[in-house]
Amino acid sequence: MTAGFPLSAGQDLELDVLDERDAEELFALVDANRTYLREWLPWLDQNTEVEHTRVFIRATRKQYEEGNGFTCVIRLRGTLVGVVGLHGIDRVNRKTSIGYWVAQPHQGQGIVTRSCRAILAHLFDDLGLNCVEIGCAVGNARSAAIPERLGFTKEGVLRQREWLYDHFVDHAVYGLLASEWRQRG
């Protein structure tokens, strides 16, 4: 089941559903960026060897095969630079949420914004979803800039939403409706 993939996010940027053949390259990228990613992402201590990455990939492939979302590698000119994916799809309410990260050397290049724009087109135009959310820790200005740049509305703050190694962090929640997406078209 690869309908719609790979997705182009511009001439030099491609998104494709995560596959086990990506395990070693993805683990190496995570490992090389471990300190940087740890500032905002809570799962680094559970991903300390390539087999952990394989288990994650199997889970995301199952999610994809069941039609409950997907996780994509972000490739810039063929090189894996990050990940963007869904936290499951609520089919009854036609909504989902997006998560993402990109390696530190590739920050500030518009890669995640372009990737999310391609994902949004797929979600609204191909899958017929009505609402997409993005949540990020309050204080994570780079992550918050993505939904703001894409025209999302900040809908609120969820207090102590996530345990981040030794403390809780609040999450800002942003939402975008299909009607808003089409108006920006």
# chains A, B, ... in the order shown; residues from 1 in each chain; ligands from 1
$ select_by_dssp --residues "stretch 4-155 of chain A" --states "strand (DSSP E)" --output "MDAnalysis selection string"
chainID A and resid 7:8 13:17 71:76 79:90 95:102 131:137 153:155
$ select_by_dssp --residues "chain A" --states "helix (DSSP H, G or I)" --output "PyMOL selection string"
chain A and resi 20-32+34-38+44-46+50-65+104-106+111-126+141-149+178-184
$ closest_residue --among "A:Leu7, A:Gly139, A:Gln104, A:Glu66" --to "A:Asp170" --atoms "only C-alpha atoms"
A:Gly139
$ residues_around --residues "A:Gly128" --least-positions-apart "4" --cutoff "12 Å" --atoms "only C-alpha atoms" --output "list in words"
Ile89, Asp90, Arg91, Val92, Asn93, Arg94, Lys95, Thr96, Leu120, Ala121, His122, Leu123, Phe124, Val132, Leu177, Ala178, Ser179, Trp181 and Arg182 of chain A
$ write_last_selection --atoms "C-alpha atoms" --output "PDB file, in the first residue's frame"
ATOM      1  CA  ILE A  89      -5.888   9.030  12.045  1.00  0.00           C
ATOM      2  CA  ASP A  90      -9.271   9.515  13.673  1.00  0.00           C
ATOM      3  CA  ARG A  91     -11.449   8.453  10.718  1.00  0.00           C
ATOM      4  CA  VAL A  92     -14.769   9.206  12.415  1.00  0.00           C
ATOM      5  CA  ASN A  93     -13.803  12.832  13.028  1.00  0.00           C
ATOM      6  CA  ARG A  94     -11.522  13.030   9.952  1.00  0.00           C
ATOM      7  CA  LYS A  95      -8.564  14.422  11.885  1.00  0.00           C
ATOM      8  CA  THR A  96      -4.945  13.687  12.676  1.00  0.00           C
ATOM      9  CA  LEU A 120      -1.093  18.594   4.316  1.00  0.00           C
ATOM     10  CA  ALA A 121      -1.958  18.480   0.611  1.00  0.00           C
ATOM     11  CA  HIS A 122      -2.074  14.682   0.830  1.00  0.00           C
ATOM     12  CA  LEU A 123      -4.178  14.705   4.006  1.00  0.00           C
ATOM     13  CA  PHE A 124      -6.741  17.252   2.845  1.00  0.00           C
ATOM     14  CA  VAL A 132      -4.886  18.575  11.268  1.00  0.00           C
ATOM     15  CA  LEU A 177      -9.092  22.995   8.861  1.00  0.00           C
ATOM     16  CA  ALA A 178      -9.561  21.772   5.295  1.00  0.00           C
ATOM     17  CA  SER A 179     -11.610  24.892   4.477  1.00  0.00           C
ATOM     18  CA  TRP A 181      -6.239  25.064   3.617  1.00  0.00           C
ATOM     19  CA  ARG A 182      -8.344  25.474   0.461  1.00  0.00           C
TER      20      ARG A 182
END
$ atom_distance --atom1 "atom CA of A:Phe168" --atom2 "atom CA of A:Cys136"
12.7 Å
$ atom_distance --atom1 "atom CA of A:Gln107" --atom2 "atom CA of A:Ala28"
17.6 Å
$ residues_around --residues "A:Thr153" --least-positions-apart "3" --cutoff "8 Å" --atoms "only C-alpha atoms" --output "PyMOL selection string"
chain A and resi 147-148+174-176
$ write_last_selection --atoms "N, CA and C atoms" --output "mmCIF file, in the first residue's frame"
data_model
loop_
_atom_site.group_PDB
_atom_site.id
_atom_site.type_symbol
_atom_site.label_atom_id
_atom_site.label_comp_id
_atom_site.auth_asym_id
_atom_site.auth_seq_id
_atom_site.Cartn_x
_atom_site.Cartn_y
_atom_site.Cartn_z
ATOM 1 N N PRO A 147 3.845 25.439 12.153
ATOM 2 C CA PRO A 147 2.409 25.656 11.974
ATOM 3 C C PRO A 147 2.060 27.127 11.770
ATOM 4 N N GLU A 148 2.789 28.024 12.404
ATOM 5 C CA GLU A 148 2.516 29.443 12.222
ATOM 6 C C GLU A 148 2.748 29.847 10.774
ATOM 7 N N TYR A 174 -1.781 23.663 17.717
ATOM 8 C CA TYR A 174 -2.177 24.436 16.539
ATOM 9 C C TYR A 174 -3.092 23.577 15.687
ATOM 10 N N GLY A 175 -4.092 24.190 15.063
ATOM 11 C CA GLY A 175 -5.005 23.450 14.208
ATOM 12 C C GLY A 175 -5.211 24.136 12.866
ATOM 13 N N LEU A 176 -5.457 23.316 11.853
ATOM 14 C CA LEU A 176 -5.761 23.805 10.511
ATOM 15 C C LEU A 176 -6.914 22.980 9.958
#
$ atom_distance --atom1 "atom CA of A:Gly108" --atom2 "atom CA of A:Arg142"
8.2 Å
$ residues_around --residues "A:Glu20" --least-positions-apart "2" --cutoff "8 Å" --atoms "only C-alpha atoms" --output "list in words"
Leu18, Asp22, Ala23, Arg54, Ile57 and Arg58 of chain A
$ closest_residue --among "A:Gly110, A:Asp126, A:Ala145, A:Asn140" --to "A:Ala9" --atoms "only C-alpha atoms"
A:Gly110
$ residues_around --residues "stretch 72-86 of chain A" --least-positions-apart "6" --cutoff "8 Å" --atoms "only C-alpha atoms" --output "list in words"
Asp12, Leu13, Glu14, Leu15, Asp16, Val17, Leu18, Glu25, Leu26, Leu29, Thr96, Ser97, Ile98, Gly99, Tyr100, Trp101, Val102, Ala103, His106, Val112, Ser115 and Cys116 of chain A
$ write_last_selection --atoms "N, CA and C atoms" --output "compact mmCIF listing (two decimals), in the first residue's frame"
# COMPACT_ATOMS: atom_id res chain seq x y z
N ASP A 12 14.10 19.13 -4.82
CA ASP A 12 15.20 18.44 -4.14
C ASP A 12 14.77 17.70 -2.87
N LEU A 13 13.46 17.66 -2.59
CA LEU A 13 12.97 17.12 -1.33
C LEU A 13 11.88 16.09 -1.58
N GLU A 14 12.06 14.89 -0.99
CA GLU A 14 11.10 13.81 -1.20
C GLU A 14 10.77 13.15 0.14
N LEU A 15 9.50 12.78 0.27
CA LEU A 15 9.01 12.07 1.45
C LEU A 15 8.57 10.69 1.02
N ASP A 16 9.02 9.68 1.75
CA ASP A 16 8.58 8.32 1.45
C ASP A 16 8.34 7.57 2.75
N VAL A 17 7.38 6.67 2.69
CA VAL A 17 7.00 5.90 3.87
C VAL A 17 8.22 5.14 4.40
N LEU A 18 8.44 5.25 5.69
CA LEU A 18 9.55 4.60 6.36
C LEU A 18 9.51 3.10 6.12
N GLU A 25 20.39 3.80 8.45
CA GLU A 25 20.61 5.20 8.12
C GLU A 25 19.86 6.11 9.10
N LEU A 26 18.64 5.73 9.44
CA LEU A 26 17.85 6.53 10.38
C LEU A 26 18.48 6.50 11.77
N LEU A 29 21.47 8.73 11.91
CA LEU A 29 21.10 10.15 11.95
C LEU A 29 20.64 10.54 13.36
N THR A 96 -6.22 14.30 12.31
CA THR A 96 -4.94 13.69 12.68
C THR A 96 -4.04 14.76 13.27
N SER A 97 -2.85 14.34 13.69
CA SER A 97 -1.83 15.29 14.13
C SER A 97 -0.50 14.89 13.51
N ILE A 98 0.32 15.88 13.28
CA ILE A 98 1.62 15.70 12.62
C ILE A 98 2.74 15.92 13.63
N GLY A 99 3.77 15.07 13.53
CA GLY A 99 5.01 15.26 14.29
C GLY A 99 6.18 15.27 13.31
N TYR A 100 7.29 15.88 13.70
CA TYR A 100 8.43 15.99 12.80
C TYR A 100 9.70 16.30 13.56
N TRP A 101 10.81 16.02 12.92
CA TRP A 101 12.12 16.49 13.39
C TRP A 101 13.07 16.46 12.20
N VAL A 102 14.09 17.28 12.26
CA VAL A 102 15.11 17.31 11.22
C VAL A 102 16.47 17.45 11.91
N ALA A 103 17.48 16.88 11.30
CA ALA A 103 18.83 16.92 11.86
C ALA A 103 19.32 18.36 12.00
N HIS A 106 20.46 20.72 9.22
CA HIS A 106 19.46 21.06 8.21
C HIS A 106 18.36 21.98 8.73
N VAL A 112 11.29 21.31 6.91
CA VAL A 112 10.11 20.80 7.61
C VAL A 112 8.86 21.51 7.12
N SER A 115 8.00 19.97 3.85
CA SER A 115 7.54 18.59 4.07
C SER A 115 6.11 18.59 4.61
N CYS A 116 5.84 19.43 5.58
CA CYS A 116 4.48 19.50 6.15
C CYS A 116 3.48 19.99 5.11
$ residues_around --residues "A:Arg34" --least-positions-apart "4" --cutoff "7 Å" --atoms "only C-alpha atoms" --output "number ranges by chain"
A: 30, 38, 44
$ write_last_selection --atoms "N, CA and C atoms" --output "PDB file, in the first residue's frame"
ATOM      1  N   VAL A  30      19.811   9.700  13.964  1.00  0.00           N
ATOM      2  CA  VAL A  30      19.367   9.956  15.334  1.00  0.00           C
ATOM      3  C   VAL A  30      20.583  10.006  16.263  1.00  0.00           C
ATOM      4  N   ARG A  38      17.462  15.668  21.915  1.00  0.00           N
ATOM      5  CA  ARG A  38      17.046  15.413  23.305  1.00  0.00           C
ATOM      6  C   ARG A  38      16.431  16.645  23.972  1.00  0.00           C
ATOM      7  N   LEU A  44      14.480   9.541  23.035  1.00  0.00           N
ATOM      8  CA  LEU A  44      15.870   9.202  22.711  1.00  0.00           C
ATOM      9  C   LEU A  44      16.442   8.091  23.572  1.00  0.00           C
TER      10      LEU A  44
END
